[in-house]
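**Q** File work03.cif follows (mmCIF, C-alpha atoms):
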```cif
data_upload
loop_
_atom_site.group_PDB
_atom_site.id
_atom_site.type_symbol
_atom_site.label_atom_id
_atom_site.label_comp_id
_atom_site.auth_asym_id
_atom_site.auth_seq_id
_atom_site.Cartn_x
_atom_site.Cartn_y
_atom_site.Cartn_z
ATOM 1 C CA MET A 1288 19.144 61.433 13.143
ATOM 2 C CA ASP A 1289 17.020 64.595 13.040
ATOM 3 C CA PHE A 1290 13.351 64.187 13.876
ATOM 4 C CA PRO A 1291 10.554 66.719 13.387
ATOM 5 C CA LYS A 1292 9.844 68.607 16.619
ATOM 6 C CA LEU A 1293 6.189 68.427 17.579
ATOM 7 C CA SER A 1294 4.765 71.326 19.551
ATOM 8 C CA ASP A 1295 3.490 70.694 23.065
ATOM 9 C CA GLU A 1296 -0.009 71.561 21.876
ATOM 10 C CA PHE A 1297 0.164 69.039 19.036
ATOM 11 C CA MET A 1298 1.676 66.365 21.282
ATOM 12 C CA LEU A 1299 -1.001 66.765 23.947
ATOM 13 C CA LYS A 1300 -3.677 66.471 21.272
ATOM 14 C CA ARG A 1301 -2.126 63.223 20.051
ATOM 15 C CA LEU A 1302 -1.822 61.864 23.595
ATOM 16 C CA ALA A 1303 -5.445 62.625 24.462
ATOM 17 C CA ILE A 1304 -7.845 59.763 25.117
ATOM 18 C CA PRO A 1305 -8.920 58.532 21.645
ATOM 19 C CA GLU A 1306 -12.515 59.028 20.588
ATOM 20 C CA GLY A 1307 -14.537 57.329 17.892
ATOM 21 C CA LYS A 1308 -13.362 54.444 15.752
ATOM 22 C CA ILE A 1309 -9.593 53.946 15.734
ATOM 23 C CA ASP A 1310 -7.428 53.058 12.742
ATOM 24 C CA MET A 1311 -4.599 50.822 13.909
ATOM 25 C CA VAL A 1312 -1.872 48.443 12.789
ATOM 26 C CA PHE A 1313 -0.691 45.699 15.117
ATOM 27 C CA ASP A 1314 2.959 44.644 15.540
ATOM 28 C CA THR A 1315 3.293 41.404 17.482
ATOM 29 C CA ASP A 1316 5.885 38.733 18.306
ATOM 30 C CA THR A 1317 2.954 36.365 18.329
ATOM 31 C CA TYR A 1318 4.732 33.084 19.083
ATOM 32 C CA ASN A 1319 6.980 34.497 21.813
ATOM 33 C CA GLU A 1320 4.688 32.998 24.469
ATOM 34 C CA ILE A 1321 0.863 33.006 24.658
ATOM 35 C CA ASP A 1322 -0.324 36.503 25.549
ATOM 36 C CA ASP A 1323 0.053 37.958 22.036
ATOM 37 C CA GLN A 1324 -2.519 35.477 20.751
ATOM 38 C CA PHE A 1325 -5.107 36.748 23.228
ATOM 39 C CA ALA A 1326 -4.309 40.344 22.274
ATOM 40 C CA VAL A 1327 -4.634 39.710 18.533
ATOM 41 C CA VAL A 1328 -7.960 37.940 19.006
ATOM 42 C CA TYR A 1329 -9.156 40.726 21.327
ATOM 43 C CA SER A 1330 -8.433 43.334 18.663
ATOM 44 C CA LEU A 1331 -10.209 41.379 15.932
ATOM 45 C CA LEU A 1332 -13.303 40.847 18.107
ATOM 46 C CA SER A 1333 -13.643 44.616 18.605
ATOM 47 C CA THR A 1334 -14.565 45.851 15.145
ATOM 48 C CA GLU A 1335 -17.069 48.417 16.441
ATOM 49 C CA LYS A 1336 -14.155 50.388 17.909
ATOM 50 C CA LEU A 1337 -10.978 49.162 16.185
ATOM 51 C CA ASN A 1338 -10.247 49.145 12.463
ATOM 52 C CA VAL A 1339 -7.256 46.804 12.332
ATOM 53 C CA LYS A 1340 -5.664 47.626 8.975
ATOM 54 C CA SER A 1341 -2.650 45.277 9.141
ATOM 55 C CA LEU A 1342 -1.072 42.612 11.346
ATOM 56 C CA TYR A 1343 2.736 42.494 11.534
ATOM 57 C CA ALA A 1344 5.076 39.698 12.601
ATOM 58 C CA ALA A 1345 7.840 41.006 14.866
ATOM 59 C CA PRO A 1346 11.185 39.338 15.615
ATOM 60 C CA PHE A 1347 11.982 37.708 18.940
ATOM 61 C CA HIS A 1348 14.620 35.412 20.389
ATOM 62 C CA ASN A 1349 14.035 33.159 23.374
ATOM 63 C CA ASP A 1350 13.707 29.424 23.944
ATOM 64 C CA ARG A 1351 10.847 29.302 21.415
ATOM 65 C CA SER A 1352 13.055 30.465 18.521
ATOM 66 C CA THR A 1353 16.598 30.022 17.241
ATOM 67 C CA GLY A 1354 17.029 33.740 16.563
ATOM 68 C CA PRO A 1355 15.099 36.905 15.630
ATOM 69 C CA GLU A 1356 14.406 35.797 12.046
ATOM 70 C CA ASP A 1357 13.078 32.424 13.174
ATOM 71 C CA GLY A 1358 11.007 34.193 15.825
ATOM 72 C CA MET A 1359 9.503 36.501 13.215
ATOM 73 C CA GLU A 1360 8.686 33.581 10.902
ATOM 74 C CA LYS A 1361 7.077 31.624 13.742
ATOM 75 C CA SER A 1362 5.073 34.693 14.721
ATOM 76 C CA TYR A 1363 3.857 35.026 11.131
ATOM 77 C CA GLU A 1364 2.756 31.385 11.116
ATOM 78 C CA GLU A 1365 0.984 31.831 14.453
ATOM 79 C CA ILE A 1366 -0.933 34.828 13.117
ATOM 80 C CA LEU A 1367 -2.124 32.648 10.228
ATOM 81 C CA ARG A 1368 -3.333 29.980 12.682
ATOM 82 C CA LEU A 1369 -5.339 32.579 14.595
ATOM 83 C CA LEU A 1370 -6.902 34.042 11.458
ATOM 84 C CA ASP A 1371 -7.851 30.585 10.223
ATOM 85 C CA ARG A 1372 -9.832 29.957 13.406
ATOM 86 C CA LEU A 1373 -11.468 33.384 13.101
ATOM 87 C CA ASN A 1374 -12.329 32.847 9.418
ATOM 88 C CA ILE A 1375 -10.377 35.952 8.378
ATOM 89 C CA SER A 1376 -8.305 35.994 5.199
ATOM 90 C CA PRO A 1377 -4.626 36.952 5.630
ATOM 91 C CA ASP A 1378 -4.329 38.256 2.051
ATOM 92 C CA GLY A 1379 -3.120 41.865 2.006
ATOM 93 C CA PHE A 1380 -3.494 41.927 5.782
ATOM 94 C CA VAL A 1381 -0.497 40.102 7.311
ATOM 95 C CA TYR A 1382 3.109 41.157 6.709
ATOM 96 C CA LYS A 1383 6.529 39.809 7.639
ATOM 97 C CA GLY A 1384 8.781 42.062 9.677
ATOM 98 C CA SER A 1385 12.455 42.504 10.455
ATOM 99 C CA ARG A 1386 14.745 39.493 10.255
ATOM 100 C CA SER A 1387 17.242 40.947 12.738
ATOM 101 C CA PHE A 1388 17.347 43.451 15.558
ATOM 102 C CA MET A 1389 18.903 46.880 15.015
ATOM 103 C CA LYS A 1390 22.689 46.962 15.475
ATOM 104 C CA ASP A 1391 22.741 50.769 15.690
ATOM 105 C CA PHE A 1392 20.279 53.500 14.736
ATOM 106 C CA THR A 1393 20.052 52.227 11.155
ATOM 107 C CA PRO A 1394 16.576 50.949 10.177
ATOM 108 C CA VAL A 1395 16.126 47.265 9.374
ATOM 109 C CA GLU A 1396 14.237 47.008 6.098
ATOM 110 C CA SER A 1397 11.122 44.832 5.800
ATOM 111 C CA GLU A 1398 7.703 44.788 4.200
ATOM 112 C CA VAL A 1399 6.279 45.806 7.578
ATOM 113 C CA VAL A 1400 8.377 48.995 7.609
ATOM 114 C CA ASP A 1401 7.063 49.977 4.192
ATOM 115 C CA ASP A 1402 3.471 49.191 5.181
ATOM 116 C CA ILE A 1403 3.698 51.261 8.383
ATOM 117 C CA ILE A 1404 4.940 54.235 6.357
ATOM 118 C CA ALA A 1405 2.258 53.784 3.690
ATOM 119 C CA LYS A 1406 -0.520 53.449 6.260
ATOM 120 C CA ALA A 1407 0.817 56.455 8.197
ATOM 121 C CA TYR A 1408 0.436 58.677 5.151
ATOM 122 C CA GLU A 1409 -3.202 57.602 4.842
ATOM 123 C CA ALA A 1410 -3.855 59.156 8.274
ATOM 124 C CA THR A 1411 -5.221 62.664 8.708
ATOM 125 C CA ASP A 1412 -4.597 65.432 11.233
ATOM 126 C CA ASP A 1413 -7.856 64.549 12.988
ATOM 127 C CA LYS A 1414 -7.402 60.783 12.771
ATOM 128 C CA PRO A 1415 -3.864 59.499 13.376
ATOM 129 C CA LEU A 1416 -2.790 55.897 12.842
ATOM 130 C CA TYR A 1417 -2.330 54.019 16.119
ATOM 131 C CA VAL A 1418 0.700 51.737 15.831
ATOM 132 C CA VAL A 1419 0.181 49.100 18.512
ATOM 133 C CA ALA A 1420 3.361 47.198 19.405
ATOM 134 C CA ILE A 1421 3.662 44.349 21.898
ATOM 135 C CA GLY A 1422 7.177 43.071 21.208
ATOM 136 C CA ALA A 1423 10.625 44.423 20.484
ATOM 137 C CA PRO A 1424 9.867 47.665 18.575
ATOM 138 C CA THR A 1425 12.303 46.917 15.734
ATOM 139 C CA ASN A 1426 9.680 47.211 12.998
ATOM 140 C CA VAL A 1427 8.138 50.397 14.393
ATOM 141 C CA SER A 1428 11.395 52.210 15.110
ATOM 142 C CA SER A 1429 12.807 51.170 11.733
ATOM 143 C CA ALA A 1430 9.830 52.843 10.058
ATOM 144 C CA ILE A 1431 10.383 56.007 12.123
ATOM 145 C CA LEU A 1432 14.085 56.052 11.292
ATOM 146 C CA LYS A 1433 13.448 55.409 7.600
ATOM 147 C CA ASP A 1434 10.896 58.237 7.370
ATOM 148 C CA PRO A 1435 10.940 60.477 10.472
ATOM 149 C CA GLU A 1436 8.057 62.575 9.103
ATOM 150 C CA ILE A 1437 5.615 59.823 10.056
ATOM 151 C CA ILE A 1438 5.821 60.853 13.715
ATOM 152 C CA LYS A 1439 3.364 63.597 12.727
ATOM 153 C CA LYS A 1440 0.908 60.927 11.570
ATOM 154 C CA ILE A 1441 1.068 58.163 14.186
ATOM 155 C CA VAL A 1442 0.640 57.363 17.856
ATOM 156 C CA VAL A 1443 2.710 54.432 19.155
ATOM 157 C CA VAL A 1444 1.048 52.274 21.812
ATOM 158 C CA TRP A 1445 3.825 50.102 23.259
ATOM 159 C CA LEU A 1446 4.189 47.519 26.002
ATOM 160 C CA GLY A 1447 7.771 47.601 27.207
ATOM 161 C CA GLY A 1448 10.164 48.375 30.021
ATOM 162 C CA ASN A 1449 9.141 48.509 33.664
ATOM 163 C CA ALA A 1450 7.415 51.106 35.835
ATOM 164 C CA LEU A 1451 9.196 54.450 35.760
ATOM 165 C CA SER A 1452 9.692 54.118 39.516
ATOM 166 C CA TRP A 1453 11.325 50.693 39.075
ATOM 167 C CA PRO A 1454 15.094 50.451 39.670
ATOM 168 C CA SER A 1455 15.611 48.962 36.193
ATOM 169 C CA ALA A 1456 13.929 49.191 32.799
ATOM 170 C CA HIS A 1457 15.348 45.745 31.960
ATOM 171 C CA GLU A 1458 12.459 43.819 30.365
ATOM 172 C CA PHE A 1459 12.120 41.376 27.445
ATOM 173 C CA ASN A 1460 10.604 43.664 24.789
ATOM 174 C CA LEU A 1461 12.900 46.562 25.647
ATOM 175 C CA LYS A 1462 16.178 44.667 26.071
ATOM 176 C CA GLN A 1463 15.948 42.655 22.844
ATOM 177 C CA ASP A 1464 16.481 45.766 20.748
ATOM 178 C CA ILE A 1465 17.848 48.608 22.851
ATOM 179 C CA TYR A 1466 18.395 50.837 19.796
ATOM 180 C CA ALA A 1467 14.772 50.458 18.722
ATOM 181 C CA SER A 1468 13.564 51.025 22.283
ATOM 182 C CA LYS A 1469 15.667 54.177 22.669
ATOM 183 C CA THR A 1470 14.273 55.459 19.361
ATOM 184 C CA LEU A 1471 10.741 55.367 20.764
ATOM 185 C CA PHE A 1472 11.758 57.629 23.651
ATOM 186 C CA ASP A 1473 14.127 59.948 21.762
ATOM 187 C CA SER A 1474 12.386 60.504 18.411
ATOM 188 C CA GLY A 1475 9.547 62.554 19.905
ATOM 189 C CA VAL A 1476 6.888 60.239 18.452
ATOM 190 C CA PRO A 1477 3.627 60.432 20.451
ATOM 191 C CA LEU A 1478 3.937 57.433 22.771
ATOM 192 C CA ILE A 1479 1.484 55.628 25.044
ATOM 193 C CA LEU A 1480 3.595 53.457 27.360
ATOM 194 C CA PHE A 1481 2.496 50.337 29.227
ATOM 195 C CA PRO A 1482 5.311 49.342 31.603
ATOM 196 C CA CYS A 1483 5.504 45.663 32.546
ATOM 197 C CA ALA A 1484 6.787 45.031 36.098
ATOM 198 C CA GLY A 1485 4.917 47.206 38.562
ATOM 199 C CA VAL A 1486 2.009 48.002 36.215
ATOM 200 C CA VAL A 1487 0.819 45.421 33.678
ATOM 201 C CA SER A 1488 2.094 42.644 35.953
ATOM 202 C CA GLN A 1489 -1.351 42.908 37.585
ATOM 203 C CA LEU A 1490 -2.998 41.275 34.562
ATOM 204 C CA HIS A 1491 -3.069 37.696 35.898
ATOM 205 C CA THR A 1492 -5.457 34.877 35.054
ATOM 206 C CA THR A 1493 -5.611 31.158 35.827
ATOM 207 C CA LEU A 1494 -6.412 27.852 34.145
ATOM 208 C CA PRO A 1495 -9.761 27.508 36.001
ATOM 209 C CA GLU A 1496 -10.782 30.946 34.714
ATOM 210 C CA MET A 1497 -9.704 29.950 31.186
ATOM 211 C CA LYS A 1498 -11.720 26.748 31.508
ATOM 212 C CA ALA A 1499 -14.809 28.643 32.634
ATOM 213 C CA TYR A 1500 -14.787 31.483 30.095
ATOM 214 C CA VAL A 1501 -12.543 30.571 27.143
ATOM 215 C CA LYS A 1502 -12.730 26.811 26.580
ATOM 216 C CA GLY A 1503 -15.720 25.869 24.443
ATOM 217 C CA GLN A 1504 -16.084 29.325 22.918
ATOM 218 C CA GLY A 1505 -15.710 28.195 19.321
ATOM 219 C CA ALA A 1506 -12.552 27.141 17.494
ATOM 220 C CA ILE A 1507 -10.638 30.210 18.587
ATOM 221 C CA GLY A 1508 -11.634 29.829 22.246
ATOM 222 C CA ASP A 1509 -10.556 26.203 22.261
ATOM 223 C CA TYR A 1510 -7.219 27.147 20.684
ATOM 224 C CA LEU A 1511 -6.543 29.872 23.241
ATOM 225 C CA TYR A 1512 -7.397 27.485 26.062
ATOM 226 C CA GLU A 1513 -5.168 24.776 24.563
ATOM 227 C CA ILE A 1514 -2.079 27.008 24.331
ATOM 228 C CA PHE A 1515 -2.703 28.422 27.813
ATOM 229 C CA GLU A 1516 -2.988 24.947 29.346
ATOM 230 C CA GLU A 1517 0.124 23.704 27.537
ATOM 231 C CA TYR A 1518 2.214 26.767 28.455
ATOM 232 C CA VAL A 1519 1.089 27.296 32.054
ATOM 233 C CA GLY A 1520 -0.166 23.942 33.295
ATOM 234 C CA ASP A 1521 -2.298 23.538 36.399
ATOM 235 C CA GLY A 1522 -1.485 23.770 40.067
ATOM 236 C CA ARG A 1523 -2.662 25.368 43.265
ATOM 237 C CA GLY A 1524 -2.135 29.135 43.181
ATOM 238 C CA LYS A 1525 -0.701 29.060 39.641
ATOM 239 C CA SER A 1526 -1.428 31.995 37.337
ATOM 240 C CA LYS A 1527 -0.130 33.690 34.188
ATOM 241 C CA VAL A 1528 0.165 37.357 33.240
ATOM 242 C CA LEU A 1529 -1.355 38.033 29.817
ATOM 243 C CA TRP A 1530 0.611 41.247 29.397
ATOM 244 C CA ASP A 1531 -0.209 42.099 25.808
ATOM 245 C CA MET A 1532 -3.965 42.381 26.197
ATOM 246 C CA ILE A 1533 -3.580 45.736 27.922
ATOM 247 C CA ASN A 1534 -2.812 47.765 24.786
ATOM 248 C CA ILE A 1535 -6.084 46.669 23.201
ATOM 249 C CA ALA A 1536 -8.036 47.049 26.445
ATOM 250 C CA TRP A 1537 -6.895 50.682 26.743
ATOM 251 C CA LEU A 1538 -7.886 51.526 23.176
ATOM 252 C CA LEU A 1539 -11.330 50.068 23.809
ATOM 253 C CA ASN A 1540 -11.787 51.542 27.274
ATOM 254 C CA PRO A 1541 -9.128 53.929 28.644
ATOM 255 C CA ALA A 1542 -10.792 53.589 32.065
ATOM 256 C CA ALA A 1543 -9.237 50.105 32.204
ATOM 257 C CA THR A 1544 -6.028 51.806 33.372
ATOM 258 C CA SER A 1545 -4.873 54.875 35.233
ATOM 259 C CA SER A 1546 -2.583 57.031 33.112
ATOM 260 C CA GLU A 1547 -0.985 60.450 33.166
ATOM 261 C CA ILE A 1548 0.970 62.796 30.918
ATOM 262 C CA VAL A 1549 4.659 62.881 31.875
ATOM 263 C CA HIS A 1550 7.940 63.974 30.340
ATOM 264 C CA ALA A 1551 9.434 61.105 28.354
ATOM 265 C CA PRO A 1552 12.264 59.481 30.323
ATOM 266 C CA ILE A 1553 15.745 58.947 28.943
ATOM 267 C CA LEU A 1554 16.443 55.255 28.431
ATOM 268 C CA THR A 1555 20.123 54.536 29.029
ATOM 269 C CA PHE A 1556 22.133 51.744 27.429
ATOM 270 C CA ASP A 1557 22.358 50.290 30.951
ATOM 271 C CA MET A 1558 18.565 49.929 30.745
ATOM 272 C CA THR A 1559 17.749 52.375 33.501
ATOM 273 C CA TRP A 1560 15.459 55.407 33.447
ATOM 274 C CA SER A 1561 16.797 58.944 33.724
ATOM 275 C CA PHE A 1562 14.573 62.018 33.976
ATOM 276 C CA ARG A 1563 14.651 65.588 32.725
ATOM 277 C CA ASN A 1564 11.781 68.064 32.725
ATOM 278 C CA ASP A 1565 12.633 69.608 29.361
ATOM 279 C CA ARG A 1566 11.823 66.382 27.489
ATOM 280 C CA HIS A 1567 8.763 65.985 25.263
ATOM 281 C CA PHE A 1568 5.513 64.572 26.660
ATOM 282 C CA MET A 1569 4.212 61.018 26.573
ATOM 283 C CA ARG A 1570 1.338 59.158 28.288
ATOM 284 C CA ASN A 1571 2.420 56.722 30.989
ATOM 285 C CA ASN A 1572 0.127 54.053 32.408
ATOM 286 C CA SER A 1573 0.610 53.393 36.102
ATOM 287 C CA PHE A 1574 -2.244 51.058 37.117
ATOM 288 C CA VAL A 1575 -4.309 48.300 35.478
ATOM 289 C CA LYS A 1576 -7.887 47.319 36.347
ATOM 290 C CA ARG A 1577 -7.538 43.609 35.800
ATOM 291 C CA ASP A 1578 -11.225 42.660 36.131
ATOM 292 C CA VAL A 1579 -12.325 45.255 33.573
ATOM 293 C CA VAL A 1580 -9.923 43.840 30.976
ATOM 294 C CA PHE A 1581 -10.805 40.172 31.374
ATOM 295 C CA GLY A 1582 -14.514 40.807 31.833
ATOM 296 C CA ASP A 1583 -14.667 42.616 28.497
ATOM 297 C CA PHE A 1584 -12.570 40.026 26.663
ATOM 298 C CA PHE A 1585 -14.627 37.077 27.948
ATOM 299 C CA ALA A 1586 -17.869 38.799 26.951
ATOM 300 C CA ARG A 1587 -16.611 39.498 23.428
ATOM 301 C CA LEU A 1588 -15.367 35.942 22.987
ATOM 302 C CA GLU A 1589 -18.690 34.508 24.150
ATOM 303 C CA ALA A 1590 -20.635 36.783 21.792
ATOM 304 C CA PHE A 1591 -18.420 35.832 18.853
ATOM 305 C CA ALA A 1592 -18.841 32.107 19.536
ATOM 306 C CA ALA A 1593 -22.610 32.475 19.845
ATOM 307 C CA GLU A 1594 -22.766 34.347 16.549
ATOM 308 C CA GLU A 1595 -20.668 31.648 14.853
ATOM 309 C CA THR A 1596 -23.013 28.867 15.954
ATOM 310 C CA GLY A 1597 -26.072 30.881 14.939
#
```
Once more with this new file: its structure as structure tokens, please.
**A**
Amino acid sequence: MDFPKLSDEFMLKRLAIPEGKIDMVFDTDTYNEIDDQFAVVYSLLSTEKLNVKSLYAAPFHNDRSTGPEDGMEKSYEEILRLLDRLNISPDGFVYKGSRSFMKDFTPVESEVVDDIIAKAYEATDDKPLYVVAIGAPTNVSSAILKDPEIIKKIVVVWLGGNALSWPSAHEFNLKQDIYASKTLFDSGVPLILFPCAGVVSQLHTTLPEMKAYVKGQGAIGDYLYEIFEEYVGDGRGKSKVLWDMINIAWLLNPAATSSEIVHAPILTFDMTWSFRNDRHFMRNNSFVKRDVVFGDFFARLEAFAAEETG
């Protein structure tokens, strides 16, 4: 597959810290565990900064699904449950994604792929579309492979893999669809990367913290607390990483992480990183300020609940 080659100047402009209100679409394997739900709510409570144009259900396969199609359908249903508790209509806003992972570098067709492409062409040179992805990047990479020209119009903000210094890139989002993951690194699309182990693994919280700041904050707060309690349980020293919140936290406040411009690594089929200094640029995040992220989310949730009750 031939992709447009973006100049270094153009790439660095795209990878700069975003300013002003951001147009974004959100690709999420929402039922995979419980962190996607927090991330989706976080994005929808941040309308002063984020214009969420579409929500997409992504495929996943673990013990909460029977396969990628079932995972996508369950994610779609979970998005609807969240929107119901936020009093947001799903009409023309929520789309179903790929029903399988990529078997090679052939795109998997879906309504999400077509919507990403359509929304990308609504973007301008001064205002790209941020494609935020917090699952296997099947939908996103399929759109890029179907219409490579969209890499001029979008910035992908993806949680996947592990720290570039880690001995292995082997991680749930990345390993589920290695062809889609490789496409993100090889297509030359402007990419903001949030590695999991060694970076976003700092984003822990606990049931007592959920009880103090999430439970009782309206219907959506009670739902988030309920799924956290059911998934994690209680116990001395027990905590849970809410990985997926970091993409939204960075868009709202880039100071929530430490990041740097690096040459995009080569992702091997063995799921290791390889490095070459003639590769295109990307932005890599290497540290997360956990308290900044949760402090902002709790404040937004509290404000939303107070506004709901009048």
**Q** If the PyMOL selection byres ((chain A and resi 1359) around 12) is run on the structure shown, which residues does it catch, given as a VMD selection string?
**A** chain A and resid 1314 to 1319 1343 to 1349 1351 to 1358 1360 to 1366 1382 to 1388 1397 1399 1422 to 1423 1425 to 1426
**Q** Could you write out the selected residues, including C-alpha atoms, as a tab-separated table (two decimals), keeping the file's coordinate frame?
**A**
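Below is the file that was written, selection11.tsv:
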```
chain	number	residue	atom	x	y	z
A	1314	ASP	CA	2.96	44.64	15.54
A	1315	THR	CA	3.29	41.40	17.48
A	1316	ASP	CA	5.88	38.73	18.31
A	1317	THR	CA	2.95	36.36	18.33
A	1318	TYR	CA	4.73	33.08	19.08
A	1319	ASN	CA	6.98	34.50	21.81
A	1343	TYR	CA	2.74	42.49	11.53
A	1344	ALA	CA	5.08	39.70	12.60
A	1345	ALA	CA	7.84	41.01	14.87
A	1346	PRO	CA	11.18	39.34	15.62
A	1347	PHE	CA	11.98	37.71	18.94
A	1348	HIS	CA	14.62	35.41	20.39
A	1349	ASN	CA	14.04	33.16	23.37
A	1351	ARG	CA	10.85	29.30	21.42
A	1352	SER	CA	13.06	30.46	18.52
A	1353	THR	CA	16.60	30.02	17.24
A	1354	GLY	CA	17.03	33.74	16.56
A	1355	PRO	CA	15.10	36.90	15.63
A	1356	GLU	CA	14.41	35.80	12.05
A	1357	ASP	CA	13.08	32.42	13.17
A	1358	GLY	CA	11.01	34.19	15.82
A	1360	GLU	CA	8.69	33.58	10.90
A	1361	LYS	CA	7.08	31.62	13.74
A	1362	SER	CA	5.07	34.69	14.72
A	1363	TYR	CA	3.86	35.03	11.13
A	1364	GLU	CA	2.76	31.38	11.12
A	1365	GLU	CA	0.98	31.83	14.45
A	1366	ILE	CA	-0.93	34.83	13.12
A	1382	TYR	CA	3.11	41.16	6.71
A	1383	LYS	CA	6.53	39.81	7.64
A	1384	GLY	CA	8.78	42.06	9.68
A	1385	SER	CA	12.46	42.50	10.46
A	1386	ARG	CA	14.74	39.49	10.26
A	1387	SER	CA	17.24	40.95	12.74
A	1388	PHE	CA	17.35	43.45	15.56
A	1397	SER	CA	11.12	44.83	5.80
A	1399	VAL	CA	6.28	45.81	7.58
A	1422	GLY	CA	7.18	43.07	21.21
A	1423	ALA	CA	10.62	44.42	20.48
A	1425	THR	CA	12.30	46.92	15.73
A	1426	ASN	CA	9.68	47.21	13.00
```
**Q** Restricting the calculation to all atoms listed in the file, which member of A:Glu1458, A:Val1549, A:Ile1514, A:Leu1370 is positioned closest to Arg1563 (chain A)?
**A** A:Val1549
**Q** Could you list, as number ranges by chain, every residue matched by the PyMOL selection byres ((chain A and resi 1438) around 10) in this structure?
**A** A: 1290-1293, 1404, 1407, 1415-1416, 1430-1432, 1434-1437, 1439-1443, 1474-1478
**Q** Would you mind listing what lies within 7 Å of Val1419 (chain A) as a VMD selection string, with only C-alpha atoms counted and same-chain residues fewer than 3 positions away left out?
**A** chain A and resid 1311 to 1314 1443 to 1445
**Q** When you draw a straight line from CA of Phe1568 (chain A) to CA of Pro1482 (chain A), how long is it in Å?
**A**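 So the two atoms, CA of Phe1568 (chain A) and CA of Pro1482 (chain A), lie 16.0 Å apart.
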**Q** Could you check the closest approach to Leu1554 (chain A) for each of A:Glu1335, A:Trp1453, A:Thr1470, A:Thr1393 and tell me which residue wins, using all atoms listed in the file?
**A**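 Answer, going by the shortest atom-to-atom distance: A:Thr1470.
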**Q** How would you write, as a PyMOL selection string, the residues chosen by the PyMOL selection byres ((chain A and resi 1530-1538) around 9) on this structure?
**A** chain A and resi 1304-1305+1309+1322-1327+1329-1330+1336-1337+1419-1422+1444-1446+1479-1481+1483+1487-1491+1527-1529+1539-1544+1575+1579-1581+1583-1584
**Q** Rounded to one decimal, what separation in Å do you get between CA of Tyr1466 (chain A) and CA of Leu1342 (chain A)?
**A**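 Rounded to one decimal, the two atoms are 22.8 Å apart.
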**Q** Can you work out which one of A:Tyr1500, A:Tyr1510, A:Phe1574, A:Phe1472 has the shortest atom-to-atom distance to Glu1589 (chain A), counting only C-alpha atoms?
**A**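 Counting only C-alpha atoms, the residue closest to Glu1589 (chain A) is A:Tyr1500.
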**Q** Between CA of Lys1340 (chain A) and CA of Gly1597 (chain A), what distance in Å does the model show, to one decimal?
**A**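 The value is 27.1 Å.
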**Q** Check the smallest atom-to-atom distance from each of A:Leu1373, A:Ala1499, A:Leu1461, A:Leu1494 to Gly1520 (chain A) using all atoms listed in the file, then report the winner.
**A** A:Leu1494
**Q** Give the centre and edge lengths of an axis-aligned box, in Å to one decimal, that holds all listed atoms of region 1415-1429 of chain A with 5 Å on each side, as JSON.
**A**
```
{"center_x": 4.5, "center_y": 51.3, "center_z": 16.8, "size_x": 26.7, "size_y": 26.4, "size_z": 20.2}
```
**Q** Can you work out which one of A:Ala1593, A:Ile1321, A:Ile1507, A:Ile1403 has the shortest atom-to-atom distance to Ser1429 (chain A), counting all atoms listed in the file?
**A**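 Checking each candidate against Ser1429 (chain A), we get A:Ile1403 as the closest.
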**Q** Quick one: residues within 12 Å of Glu1513 (chain A), only C-alpha atoms counted, chain neighbours fewer than 4 positions away excluded, as a list in words?
**A**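 Contacts, with the query itself left out: Ile1321, Gln1324, Leu1494, Met1497, Lys1498, Val1501, Lys1502, Gly1503, Gln1504, Ala1506, Ile1507, Gly1508, Asp1509, Glu1517, Tyr1518, Val1519 and Gly1520 of chain A.
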**Q** May I ask which of the residues A:Gly1307, A:Gly1522, A:Gly1448, A:Pro1552 is the closest one to Met1569 (chain A), counting all atoms listed in the file?
**A** A:Pro1552
